[in-house]
file query26.pdb (PDB, C-alpha atoms and all ligand atoms)
MODEL        1
ATOM      1  CA  MET A   2       0.000   0.000   0.000  1.00  0.00           C
ATOM      2  CA  ALA A   3       2.148   2.876  -1.200  1.00  0.00           C
ATOM      3  CA  GLU A   4       1.269   6.495  -0.571  1.00  0.00           C
ATOM      4  CA  ALA A   5       0.438   8.286  -3.815  1.00  0.00           C
ATOM      5  CA  GLY A   6      -1.022  11.724  -4.169  1.00  0.00           C
ATOM      6  CA  GLY A   7      -2.022  11.812  -0.508  1.00  0.00           C
ATOM      7  CA  GLY A   8      -4.068   8.602  -0.648  1.00  0.00           C
ATOM      8  CA  GLU A   9      -3.349   4.903  -0.253  1.00  0.00           C
ATOM      9  CA  GLU A  10      -2.968   2.697  -3.294  1.00  0.00           C
ATOM     10  CA  TYR A  11      -4.528  -0.734  -3.472  1.00  0.00           C
ATOM     11  CA  LEU A  12      -4.480  -3.306  -6.243  1.00  0.00           C
ATOM     12  CA  PHE A  13      -7.825  -5.032  -6.814  1.00  0.00           C
ATOM     13  CA  LYS A  14      -8.210  -7.824  -9.324  1.00  0.00           C
ATOM     14  CA  ILE A  15     -11.563  -8.169 -11.039  1.00  0.00           C
ATOM     15  CA  VAL A  16     -12.393 -11.217 -13.128  1.00  0.00           C
ATOM     16  CA  VAL A  17     -15.155 -10.816 -15.705  1.00  0.00           C
ATOM     17  CA  ILE A  18     -16.600 -14.116 -16.859  1.00  0.00           C
ATOM     18  CA  GLY A  19     -19.617 -14.934 -19.009  1.00  0.00           C
ATOM     19  CA  ASP A  20     -20.873 -16.420 -22.262  1.00  0.00           C
ATOM     20  CA  SER A  21     -19.205 -15.435 -25.503  1.00  0.00           C
ATOM     21  CA  ALA A  22     -20.230 -12.083 -27.009  1.00  0.00           C
ATOM     22  CA  VAL A  23     -22.158 -10.833 -23.963  1.00  0.00           C
ATOM     23  CA  GLY A  24     -19.867  -7.776 -23.885  1.00  0.00           C
ATOM     24  CA  LYS A  25     -17.167  -8.542 -21.321  1.00  0.00           C
ATOM     25  CA  SER A  26     -14.347  -6.979 -23.363  1.00  0.00           C
ATOM     26  CA  ASN A  27     -16.395  -3.868 -24.077  1.00  0.00           C
ATOM     27  CA  LEU A  28     -17.405  -3.471 -20.443  1.00  0.00           C
ATOM     28  CA  LEU A  29     -13.719  -3.486 -19.552  1.00  0.00           C
ATOM     29  CA  SER A  30     -12.682  -1.106 -22.335  1.00  0.00           C
ATOM     30  CA  ARG A  31     -15.548   1.246 -21.478  1.00  0.00           C
ATOM     31  CA  PHE A  32     -14.453   1.283 -17.848  1.00  0.00           C
ATOM     32  CA  ALA A  33     -10.682   1.435 -18.399  1.00  0.00           C
ATOM     33  CA  ARG A  34     -10.444   3.661 -21.489  1.00  0.00           C
ATOM     34  CA  ASP A  35     -13.987   4.902 -22.142  1.00  0.00           C
ATOM     35  CA  GLU A  36     -13.958   3.101 -25.484  1.00  0.00           C
ATOM     36  CA  PHE A  37     -16.505   0.923 -27.259  1.00  0.00           C
ATOM     37  CA  ASP A  38     -15.869  -1.333 -30.253  1.00  0.00           C
ATOM     38  CA  HIS A  39     -18.852  -2.264 -32.427  1.00  0.00           C
ATOM     39  CA  ASN A  40     -16.769  -4.928 -34.170  1.00  0.00           C
ATOM     40  CA  SER A  41     -14.777  -6.376 -31.303  1.00  0.00           C
ATOM     41  CA  LYS A  42     -13.323  -9.798 -31.969  1.00  0.00           C
ATOM     42  CA  ALA A  43     -13.864 -12.753 -29.697  1.00  0.00           C
ATOM     43  CA  THR A  44     -11.252 -12.834 -26.932  1.00  0.00           C
ATOM     44  CA  ILE A  45      -8.948 -15.820 -27.175  1.00  0.00           C
ATOM     45  CA  GLY A  46      -7.689 -16.674 -23.694  1.00  0.00           C
ATOM     46  CA  VAL A  47      -7.595 -13.789 -21.233  1.00  0.00           C
ATOM     47  CA  GLU A  48      -7.173 -10.030 -21.609  1.00  0.00           C
ATOM     48  CA  PHE A  49      -5.957  -7.547 -18.993  1.00  0.00           C
ATOM     49  CA  GLN A  50      -6.853  -3.908 -18.530  1.00  0.00           C
ATOM     50  CA  THR A  51      -6.194  -1.609 -15.612  1.00  0.00           C
ATOM     51  CA  GLN A  52      -7.910   1.465 -14.268  1.00  0.00           C
ATOM     52  CA  VAL A  53      -7.214   3.759 -11.320  1.00  0.00           C
ATOM     53  CA  VAL A  54     -10.209   4.547  -9.121  1.00  0.00           C
ATOM     54  CA  ASP A  55     -10.591   7.022  -6.246  1.00  0.00           C
ATOM     55  CA  LEU A  56     -12.346   5.810  -3.122  1.00  0.00           C
ATOM     56  CA  ASP A  57     -13.516   8.594  -0.839  1.00  0.00           C
ATOM     57  CA  ALA A  58     -14.900   6.517   2.035  1.00  0.00           C
ATOM     58  CA  HIS A  59     -13.987   3.620   4.263  1.00  0.00           C
ATOM     59  CA  CYS A  60     -14.900   0.392   3.553  1.00  0.00           C
ATOM     60  CA  ASP A  61     -14.808 -11.649   6.226  1.00  0.00           C
ATOM     61  CA  THR A  62     -14.061 -12.670   3.017  1.00  0.00           C
ATOM     62  CA  THR A  63     -12.207 -10.534   0.571  1.00  0.00           C
ATOM     63  CA  VAL A  64     -14.221 -11.443  -2.484  1.00  0.00           C
ATOM     64  CA  ALA A  65     -17.214  -9.611  -3.916  1.00  0.00           C
ATOM     65  CA  ARG A  66     -19.373 -11.109  -6.631  1.00  0.00           C
ATOM     66  CA  MET A  67     -21.816  -9.372  -8.894  1.00  0.00           C
ATOM     67  CA  LEU A  68     -24.199 -10.506 -11.618  1.00  0.00           C
ATOM     68  CA  VAL A  69     -24.076  -8.038 -14.513  1.00  0.00           C
ATOM     69  CA  GLY A  70     -26.760  -7.910 -17.187  1.00  0.00           C
ATOM     70  CA  ASN A  71     -25.063  -6.126 -20.076  1.00  0.00           C
ATOM     71  CA  LYS A  72     -26.594  -4.640 -23.266  1.00  0.00           C
ATOM     72  CA  CYS A  73     -29.507  -3.063 -21.411  1.00  0.00           C
ATOM     73  CA  ASP A  74     -29.696  -0.568 -24.295  1.00  0.00           C
ATOM     74  CA  LEU A  75     -31.276  -3.348 -26.375  1.00  0.00           C
ATOM     75  CA  GLU A  76     -34.590  -3.071 -24.508  1.00  0.00           C
ATOM     76  CA  ASN A  77     -36.631  -3.971 -27.613  1.00  0.00           C
ATOM     77  CA  ILE A  78     -35.085  -7.448 -27.853  1.00  0.00           C
ATOM     78  CA  ARG A  79     -34.725  -8.103 -24.093  1.00  0.00           C
ATOM     79  CA  GLU A  80     -34.894 -11.818 -23.210  1.00  0.00           C
ATOM     80  CA  VAL A  81     -34.330 -11.696 -19.435  1.00  0.00           C
ATOM     81  CA  SER A  82     -36.510  -9.424 -17.285  1.00  0.00           C
ATOM     82  CA  VAL A  83     -34.991  -7.270 -14.544  1.00  0.00           C
ATOM     83  CA  ASP A  84     -36.936  -9.290 -11.967  1.00  0.00           C
ATOM     84  CA  GLU A  85     -35.548 -12.556 -13.306  1.00  0.00           C
ATOM     85  CA  GLY A  86     -32.021 -11.167 -13.101  1.00  0.00           C
ATOM     86  CA  LYS A  87     -32.548  -9.837  -9.588  1.00  0.00           C
ATOM     87  CA  GLY A  88     -34.095 -13.133  -8.495  1.00  0.00           C
ATOM     88  CA  LEU A  89     -31.166 -15.167  -9.761  1.00  0.00           C
ATOM     89  CA  ALA A  90     -28.686 -12.821  -8.130  1.00  0.00           C
ATOM     90  CA  GLU A  91     -30.558 -13.016  -4.826  1.00  0.00           C
ATOM     91  CA  GLU A  92     -30.584 -16.825  -4.921  1.00  0.00           C
ATOM     92  CA  GLU A  93     -26.819 -16.809  -5.381  1.00  0.00           C
ATOM     93  CA  GLY A  94     -26.156 -13.990  -2.909  1.00  0.00           C
ATOM     94  CA  LEU A  95     -24.809 -11.636  -5.559  1.00  0.00           C
ATOM     95  CA  PHE A  96     -25.158  -7.933  -6.254  1.00  0.00           C
ATOM     96  CA  PHE A  97     -27.162  -7.289  -9.426  1.00  0.00           C
ATOM     97  CA  ILE A  98     -26.830  -4.510 -11.949  1.00  0.00           C
ATOM     98  CA  GLU A  99     -27.757  -3.910 -15.563  1.00  0.00           C
ATOM     99  CA  THR A 100     -25.225  -2.140 -17.770  1.00  0.00           C
ATOM    100  CA  SER A 101     -24.625  -0.988 -21.292  1.00  0.00           C
ATOM    101  CA  ALA A 102     -21.058  -0.804 -22.539  1.00  0.00           C
ATOM    102  CA  LEU A 103     -22.516   0.895 -25.622  1.00  0.00           C
ATOM    103  CA  ASP A 104     -24.133   3.915 -23.954  1.00  0.00           C
ATOM    104  CA  SER A 105     -22.117   3.664 -20.675  1.00  0.00           C
ATOM    105  CA  THR A 106     -25.109   3.029 -18.406  1.00  0.00           C
ATOM    106  CA  ASN A 107     -23.917   1.854 -14.959  1.00  0.00           C
ATOM    107  CA  VAL A 108     -20.496   0.712 -16.197  1.00  0.00           C
ATOM    108  CA  ASN A 109     -18.460   2.765 -13.727  1.00  0.00           C
ATOM    109  CA  LYS A 110     -21.050   2.097 -11.043  1.00  0.00           C
ATOM    110  CA  ALA A 111     -20.788  -1.688 -11.469  1.00  0.00           C
ATOM    111  CA  PHE A 112     -17.014  -1.659 -11.054  1.00  0.00           C
ATOM    112  CA  GLU A 113     -17.173   0.830  -8.201  1.00  0.00           C
ATOM    113  CA  ILE A 114     -19.657  -1.299  -6.243  1.00  0.00           C
ATOM    114  CA  VAL A 115     -17.418  -4.350  -6.535  1.00  0.00           C
ATOM    115  CA  ILE A 116     -14.245  -2.425  -5.675  1.00  0.00           C
ATOM    116  CA  ARG A 117     -15.866  -0.702  -2.695  1.00  0.00           C
ATOM    117  CA  GLU A 118     -17.227  -4.002  -1.388  1.00  0.00           C
ATOM    118  CA  ILE A 119     -13.796  -5.634  -1.552  1.00  0.00           C
ATOM    119  CA  TYR A 120     -12.234  -2.579   0.099  1.00  0.00           C
ATOM    120  CA  ASP A 121     -14.814  -2.677   2.903  1.00  0.00           C
ATOM    121  CA  LYS A 122     -14.193  -6.354   3.504  1.00  0.00           C
ATOM    122  CA  VAL A 123     -10.413  -5.974   3.503  1.00  0.00           C
ATOM    123  CA  SER A 124     -10.650  -3.020   5.903  1.00  0.00           C
ATOM    124  CA  ARG A 125     -12.894  -4.957   8.287  1.00  0.00           C
ATOM    125  CA  LYS A 126     -10.524  -7.921   8.137  1.00  0.00           C
ATOM    126  CA  ILE A 127      -7.552  -5.737   9.023  1.00  0.00           C
ATOM    127  CA  LEU A 128      -9.427  -4.073  11.902  1.00  0.00           C
ATOM    128  CA  ASN A 129     -10.425  -7.481  13.279  1.00  0.00           C
ATOM    129  CA  SER A 130      -7.037  -9.114  12.840  1.00  0.00           C
ATOM    130  CA  ASP A 131      -5.103 -10.172  15.920  1.00  0.00           C
ATOM    131  CA  SER A 132      -1.915  -8.466  14.734  1.00  0.00           C
ATOM    132  CA  TYR A 133      -3.761  -5.146  14.335  1.00  0.00           C
ATOM    133  CA  LYS A 134      -5.294  -5.481  17.825  1.00  0.00           C
ATOM    134  CA  ALA A 135      -1.896  -6.411  19.237  1.00  0.00           C
ATOM    135  CA  GLU A 136      -0.375  -3.342  17.621  1.00  0.00           C
ATOM    136  CA  LEU A 137      -3.053  -1.164  19.202  1.00  0.00           C
ATOM    137  CA  SER A 138      -2.453  -2.578  22.662  1.00  0.00           C
ATOM    138  CA  VAL A 139       1.336  -2.146  22.283  1.00  0.00           C
ATOM    139  CA  ASN A 140       0.767   1.493  21.415  1.00  0.00           C
ATOM    140  CA  ARG A 141      -1.456   1.913  24.446  1.00  0.00           C
ATOM    141  CA  VAL A 142       1.276   0.472  26.702  1.00  0.00           C
ATOM    142  CA  SER A 143       3.938   2.768  25.296  1.00  0.00           C
ATOM    143  CA  LEU A 144       1.683   5.786  25.694  1.00  0.00           C
ATOM    144  CA  ALA A 145       1.020   4.920  29.325  1.00  0.00           C
ATOM    145  CA  ASN A 146       4.748   4.388  29.941  1.00  0.00           C
ATOM    146  CA  GLY A 147       5.978   7.922  30.171  1.00  0.00           C
ATOM    147  CA  VAL A 148       5.039   9.491  26.848  1.00  0.00           C
ATOM    148  CA  ASP A 149       3.573  12.952  27.274  1.00  0.00           C
ATOM    149  CA  LEU A 150      -0.129  12.117  27.026  1.00  0.00           C
ATOM    150  CA  SER A 151      -1.031  15.758  26.559  1.00  0.00           C
ATOM    151  CA  LYS A 152       0.186  15.375  22.992  1.00  0.00           C
ATOM    152  CA  GLU A 153      -2.559  12.873  22.386  1.00  0.00           C
ATOM    153  CA  LYS A 154      -5.148  15.542  23.016  1.00  0.00           C
ATOM    154  CA  ASN A 155      -3.563  17.659  20.304  1.00  0.00           C
ATOM    155  CA  GLY A 156      -4.052  14.819  17.894  1.00  0.00           C
ATOM    156  CA  THR A 157      -0.323  14.346  17.288  1.00  0.00           C
ATOM    157  CA  LEU A 158      -0.169  11.014  19.097  1.00  0.00           C
ATOM    158  CA  SER A 159      -3.009   8.598  18.878  1.00  0.00           C
ATOM    159  CA  CYS A 160      -3.647   5.160  17.483  1.00  0.00           C
ATOM    160  CA  CYS A 161      -5.516   6.728  14.579  1.00  0.00           C
ATOM    161  CA  SER A 162      -2.976   9.321  13.611  1.00  0.00           C
ATOM    162  CA  ARG A 163      -0.869   7.027  11.475  1.00  0.00           C
TER     163      ARG A 163
HETATM  164  N1  LIG B 201     -25.877  -3.045 -28.024  1.00  0.00           N
HETATM  165  C1  LIG B 201     -24.806  -3.396 -27.313  1.00  0.00           C
HETATM  166  N2  LIG B 201     -23.827  -4.142 -27.860  1.00  0.00           N
HETATM  167  C2  LIG B 201     -22.768  -4.474 -27.098  1.00  0.00           C
HETATM  168  C3  LIG B 201     -22.657  -4.085 -25.741  1.00  0.00           C
HETATM  169  N3  LIG B 201     -21.502  -4.582 -25.247  1.00  0.00           N
HETATM  170  C4  LIG B 201     -20.929  -5.249 -26.255  1.00  0.00           C
HETATM  171  N4  LIG B 201     -21.686  -5.198 -27.376  1.00  0.00           N
HETATM  172  C5  LIG B 201     -21.394  -5.832 -28.680  1.00  0.00           C
HETATM  173  O1  LIG B 201     -21.447  -7.232 -28.501  1.00  0.00           O
HETATM  174  C6  LIG B 201     -20.422  -7.867 -29.274  1.00  0.00           C
HETATM  175  C7  LIG B 201     -19.537  -8.716 -28.362  1.00  0.00           C
HETATM  176  O2  LIG B 201     -18.871  -7.846 -27.449  1.00  0.00           O
HETATM  177  P1  LIG B 201     -17.520  -8.288 -26.694  1.00  0.00           P
HETATM  178  O3  LIG B 201     -17.230  -7.242 -25.722  1.00  0.00           O
HETATM  179  O4  LIG B 201     -16.481  -8.623 -27.713  1.00  0.00           O
HETATM  180  O5  LIG B 201     -18.029  -9.621 -25.971  1.00  0.00           O
HETATM  181  P2  LIG B 201     -17.172 -10.649 -25.073  1.00  0.00           P
HETATM  182  O6  LIG B 201     -18.061 -11.062 -23.947  1.00  0.00           O
HETATM  183  O7  LIG B 201     -15.853 -10.088 -24.732  1.00  0.00           O
HETATM  184  O8  LIG B 201     -17.009 -11.881 -26.053  1.00  0.00           O
HETATM  185  P3  LIG B 201     -15.876 -13.041 -25.998  1.00  0.00           P
HETATM  186  O9  LIG B 201     -14.533 -12.409 -25.964  1.00  0.00           O
HETATM  187  O10 LIG B 201     -16.114 -13.845 -27.265  1.00  0.00           O
HETATM  188  O11 LIG B 201     -16.154 -13.895 -24.787  1.00  0.00           O
HETATM  189  C8  LIG B 201     -19.679  -6.757 -30.017  1.00  0.00           C
HETATM  190  O12 LIG B 201     -20.225  -6.642 -31.306  1.00  0.00           O
HETATM  191  C9  LIG B 201     -19.982  -5.511 -29.186  1.00  0.00           C
HETATM  192  O13 LIG B 201     -19.948  -4.349 -29.980  1.00  0.00           O
HETATM  193  C10 LIG B 201     -23.708  -3.294 -25.184  1.00  0.00           C
HETATM  194  O14 LIG B 201     -23.707  -2.893 -23.998  1.00  0.00           O
HETATM  195  N5  LIG B 201     -24.760  -2.980 -26.011  1.00  0.00           N
HETATM  196 MG    MG B 202     -13.940 -10.604 -25.173  1.00  0.00          MG
ENDMDL
END

call {"tool": "encode", "arguments": {"input": "query26.pdb", "output": "structure tokens", "more": "lines below"}}
Ligand SMILES: Nc1nc2c(ncn2[C@@H]2O[C@H](COP(=O)(O)OP(=O)(O)OP(=O)(O)O)[C@@H](O)[C@H]2O)c(=O)[nH]1
Ligand SMILES: [Mg+2]
result
Amino acid sequence: MAEAGGGEEYLFKIVVIGDSAVGKSNLLSRFARDEFDHNSKATIGVEFQTQVVDLDAHCDTTVARMLVGNKCDLENIREVSVDEGKGLAEEEGLFFIETSALDSTNVNKAFEIVIREIYDKVSRKILNSDSYKAELSVNRVSLANGVDLSKEKNGTLSCCSR
């Protein structure tokens, strides 16, 4: 977690899987580069794209799963209703969202929900970890052992100031 531009940097890996031609590559390219390809070729193997995202808020497993219904711009030839999609997602315990890589509907939102969920889970895990708790109690001991506690009131010495 390096400091960059005043914030912390995390690396999240997102795997997009689904039937052929549902729009996985275009969802990624819309998110990472704001590009859409009407004639995109079938992906052979795996493709990688990266994007930097700002998280402005804090966030037991460190995996988040989401069911994405892409091509929601094609309302006139819709085969799966929103309710059907939601129902399936609920059964599987997944977030659900409909997107369009073509007109950009919900593309950023879909990725942001997944990233935020992972971030929340990681943060909770760290806060609950024994090593983090141990570190807190060590700090408390050292504060009680002779450090000028008045500094703590000024906010220059506290467990949360790091
Ligand atoms: N109307 C519409 N077309 C889309 C959308 N997303 C992708 N497409 C089109 O659907 C076709 C397949 O898109 P891809 O992104 O290549 O699909 P894919 O899931 O990566 O396919 P594979 O690599 O074969 O697994 C292309 O012709 C895209 O232009 C969308 O949101 N709306
Ligand atoms: Mg593809």

call {"tool": "atom_distance", "arguments": {"input": "query26.pdb", "atom1": "atom CA of A:Ala22", "atom2": "atom N3 of ligand LIG 201 (chain B)"}}
result
7.8 Å

call {"tool": "closest_atom_pairs", "arguments": {"input": "query26.pdb", "of": "chain A", "to": "ligand LIG 201 (chain B)", "cutoff": "7 Å", "atoms": "all atoms listed in the file", "output": "JSON lines"}}
result
{"residue": "A:Gly19", "atom": "CA", "partner": "B:LIG201", "partner_atom": "O6", "distance": 6.5}
{"residue": "A:Asp20", "atom": "CA", "partner": "B:LIG201", "partner_atom": "O11", "distance": 5.9}
{"residue": "A:Ser21", "atom": "CA", "partner": "B:LIG201", "partner_atom": "O11", "distance": 3.5}
{"residue": "A:Ala22", "atom": "CA", "partner": "B:LIG201", "partner_atom": "O8", "distance": 3.4}
{"residue": "A:Val23", "atom": "CA", "partner": "B:LIG201", "partner_atom": "O6", "distance": 4.1}
{"residue": "A:Gly24", "atom": "CA", "partner": "B:LIG201", "partner_atom": "O3", "distance": 3.3}
{"residue": "A:Lys25", "atom": "CA", "partner": "B:LIG201", "partner_atom": "O6", "distance": 3.7}
{"residue": "A:Ser26", "atom": "CA", "partner": "B:LIG201", "partner_atom": "O7", "distance": 3.7}
{"residue": "A:Asn27", "atom": "CA", "partner": "B:LIG201", "partner_atom": "O3", "distance": 3.8}
{"residue": "A:Leu28", "atom": "CA", "partner": "B:LIG201", "partner_atom": "N3", "distance": 6.4}
{"residue": "A:Phe37", "atom": "CA", "partner": "B:LIG201", "partner_atom": "O13", "distance": 6.9}
{"residue": "A:Asp38", "atom": "CA", "partner": "B:LIG201", "partner_atom": "O13", "distance": 5.1}
{"residue": "A:His39", "atom": "CA", "partner": "B:LIG201", "partner_atom": "O13", "distance": 3.4}
{"residue": "A:Asn40", "atom": "CA", "partner": "B:LIG201", "partner_atom": "O12", "distance": 4.8}
{"residue": "A:Ser41", "atom": "CA", "partner": "B:LIG201", "partner_atom": "O4", "distance": 4.6}
{"residue": "A:Lys42", "atom": "CA", "partner": "B:LIG201", "partner_atom": "O4", "distance": 5.4}
{"residue": "A:Ala43", "atom": "CA", "partner": "B:LIG201", "partner_atom": "O10", "distance": 3.5}
{"residue": "A:Thr44", "atom": "CA", "partner": "B:LIG201", "partner_atom": "O9", "distance": 3.4}
{"residue": "A:Ile45", "atom": "CA", "partner": "B:LIG201", "partner_atom": "O9", "distance": 6.7}
{"residue": "A:Asn71", "atom": "CA", "partner": "B:LIG201", "partner_atom": "O14", "distance": 5.3}
{"residue": "A:Lys72", "atom": "CA", "partner": "B:LIG201", "partner_atom": "O14", "distance": 3.5}
{"residue": "A:Cys73", "atom": "CA", "partner": "B:LIG201", "partner_atom": "O14", "distance": 6.4}
{"residue": "A:Asp74", "atom": "CA", "partner": "B:LIG201", "partner_atom": "N5", "distance": 5.8}
{"residue": "A:Leu75", "atom": "CA", "partner": "B:LIG201", "partner_atom": "N1", "distance": 5.7}
{"residue": "A:Thr100", "atom": "CA", "partner": "B:LIG201", "partner_atom": "O14", "distance": 6.5}
{"residue": "A:Ser101", "atom": "CA", "partner": "B:LIG201", "partner_atom": "O14", "distance": 3.4}
{"residue": "A:Ala102", "atom": "CA", "partner": "B:LIG201", "partner_atom": "O14", "distance": 3.7}
{"residue": "A:Leu103", "atom": "CA", "partner": "B:LIG201", "partner_atom": "O14", "distance": 4.3}
{"residue": "A:Asp104", "atom": "CA", "partner": "B:LIG201", "partner_atom": "O14", "distance": 6.8}

call {"tool": "closest_residue", "arguments": {"input": "query26.pdb", "among": "A:Ser82, A:Glu10, A:Val17, A:Ile119", "to": "ligand MG 202 (chain B)", "atoms": "all atoms listed in the file"}}
result
A:Val17

call {"tool": "atom_distance", "arguments": {"input": "query26.pdb", "atom1": "atom CA of A:Leu29", "atom2": "atom CA of A:Ala111"}}
result
10.9 Å

call {"tool": "closest_residue", "arguments": {"input": "query26.pdb", "among": "A:Glu76, A:Glu36, A:Glu9, A:Glu48", "to": "ligand MG 202 (chain B)", "atoms": "all atoms listed in the file"}}
result
A:Glu48

call {"tool": "closest_residue", "arguments": {"input": "query26.pdb", "among": "A:Lys122, A:Val54, A:Gly8, A:Ile18", "to": "ligand MG 202 (chain B)", "atoms": "all atoms listed in the file"}}
result
A:Ile18

call {"tool": "residues_near_point", "arguments": {"input": "query26.pdb", "point": "(-8.4, 0.8, -15.1)", "cutoff": "9 Å", "atoms": "only C-alpha atoms", "output": "list in words"}}
result
Leu29, Ser30, Phe32, Ala33, Arg34, Gln50, Thr51, Gln52, Val53 and Val54 of chain A

call {"tool": "closest_residue", "arguments": {"input": "query26.pdb", "among": "A:Val47, A:Val81, A:Ile127, A:Leu95", "to": "ligand MG 202 (chain B)", "atoms": "all atoms listed in the file"}}
result
A:Val47

call {"tool": "resolve_selection", "arguments": {"input": "query26.pdb", "expression": "the PyMOL selection byres (((chain A and resi 83) around 12) and not hetatm)", "output": "PyMOL selection string"}}
result
chain A and resi 68-71+73+76+79-82+84-90+97-100

call {"tool": "atom_distance", "arguments": {"input": "query26.pdb", "atom1": "atom CA of A:Gly46", "atom2": "atom CA of A:Met67"}}
result
21.7 Å

call {"tool": "decode", "arguments": {"input": "query26.pdb", "residues": "stretch 64-80 of chain A", "atoms": "N, CA and C atoms", "output": "PDB file, in the first residue's frame"}}
result
ATOM      1  N   VAL A  64     -13.733 -11.275  -1.119  1.00  0.00           N
ATOM      2  CA  VAL A  64     -14.221 -11.443  -2.484  1.00  0.00           C
ATOM      3  C   VAL A  64     -15.608 -10.829  -2.581  1.00  0.00           C
ATOM      4  N   ALA A  65     -15.873 -10.139  -3.671  1.00  0.00           N
ATOM      5  CA  ALA A  65     -17.214  -9.611  -3.916  1.00  0.00           C
ATOM      6  C   ALA A  65     -17.663 -10.133  -5.278  1.00  0.00           C
ATOM      7  N   ARG A  66     -18.900 -10.554  -5.362  1.00  0.00           N
ATOM      8  CA  ARG A  66     -19.373 -11.109  -6.631  1.00  0.00           C
ATOM      9  C   ARG A  66     -20.612 -10.371  -7.094  1.00  0.00           C
ATOM     10  N   MET A  67     -20.691 -10.137  -8.360  1.00  0.00           N
ATOM     11  CA  MET A  67     -21.816  -9.372  -8.894  1.00  0.00           C
ATOM     12  C   MET A  67     -22.312 -10.016 -10.192  1.00  0.00           C
ATOM     13  N   LEU A  68     -23.616 -10.044 -10.363  1.00  0.00           N
ATOM     14  CA  LEU A  68     -24.199 -10.506 -11.618  1.00  0.00           C
ATOM     15  C   LEU A  68     -24.503  -9.268 -12.456  1.00  0.00           C
ATOM     16  N   VAL A  69     -23.898  -9.213 -13.649  1.00  0.00           N
ATOM     17  CA  VAL A  69     -24.076  -8.038 -14.513  1.00  0.00           C
ATOM     18  C   VAL A  69     -24.885  -8.427 -15.746  1.00  0.00           C
ATOM     19  N   GLY A  70     -25.982  -7.717 -15.964  1.00  0.00           N
ATOM     20  CA  GLY A  70     -26.760  -7.910 -17.187  1.00  0.00           C
ATOM     21  C   GLY A  70     -26.378  -6.804 -18.159  1.00  0.00           C
ATOM     22  N   ASN A  71     -25.535  -7.155 -19.144  1.00  0.00           N
ATOM     23  CA  ASN A  71     -25.063  -6.126 -20.076  1.00  0.00           C
ATOM     24  C   ASN A  71     -26.003  -6.009 -21.274  1.00  0.00           C
ATOM     25  N   LYS A  72     -25.825  -4.951 -22.054  1.00  0.00           N
ATOM     26  CA  LYS A  72     -26.594  -4.640 -23.266  1.00  0.00           C
ATOM     27  C   LYS A  72     -28.014  -4.199 -22.925  1.00  0.00           C
ATOM     28  N   CYS A  73     -28.157  -3.490 -21.795  1.00  0.00           N
ATOM     29  CA  CYS A  73     -29.507  -3.063 -21.411  1.00  0.00           C
ATOM     30  C   CYS A  73     -30.045  -1.981 -22.366  1.00  0.00           C
ATOM     31  N   ASP A  74     -29.191  -1.506 -23.267  1.00  0.00           N
ATOM     32  CA  ASP A  74     -29.696  -0.568 -24.295  1.00  0.00           C
ATOM     33  C   ASP A  74     -30.594  -1.270 -25.308  1.00  0.00           C
ATOM     34  N   LEU A  75     -30.463  -2.600 -25.404  1.00  0.00           N
ATOM     35  CA  LEU A  75     -31.276  -3.348 -26.375  1.00  0.00           C
ATOM     36  C   LEU A  75     -32.611  -3.775 -25.759  1.00  0.00           C
ATOM     37  N   GLU A  76     -33.330  -2.814 -25.229  1.00  0.00           N
ATOM     38  CA  GLU A  76     -34.590  -3.071 -24.508  1.00  0.00           C
ATOM     39  C   GLU A  76     -35.606  -3.779 -25.413  1.00  0.00           C
ATOM     40  N   ASN A  77     -35.622  -3.422 -26.693  1.00  0.00           N
ATOM     41  CA  ASN A  77     -36.631  -3.971 -27.613  1.00  0.00           C
ATOM     42  C   ASN A  77     -36.466  -5.475 -27.880  1.00  0.00           C
ATOM     43  N   ILE A  78     -35.255  -5.999 -27.655  1.00  0.00           N
ATOM     44  CA  ILE A  78     -35.085  -7.448 -27.853  1.00  0.00           C
ATOM     45  C   ILE A  78     -34.649  -8.148 -26.556  1.00  0.00           C
ATOM     46  N   ARG A  79     -35.060  -7.552 -25.419  1.00  0.00           N
ATOM     47  CA  ARG A  79     -34.725  -8.103 -24.093  1.00  0.00           C
ATOM     48  C   ARG A  79     -35.274  -9.531 -23.948  1.00  0.00           C
ATOM     49  N   GLU A  80     -34.449 -10.437 -23.432  1.00  0.00           N
ATOM     50  CA  GLU A  80     -34.894 -11.818 -23.210  1.00  0.00           C
ATOM     51  C   GLU A  80     -35.029 -12.149 -21.733  1.00  0.00           C
TER      52      GLU A  80
END
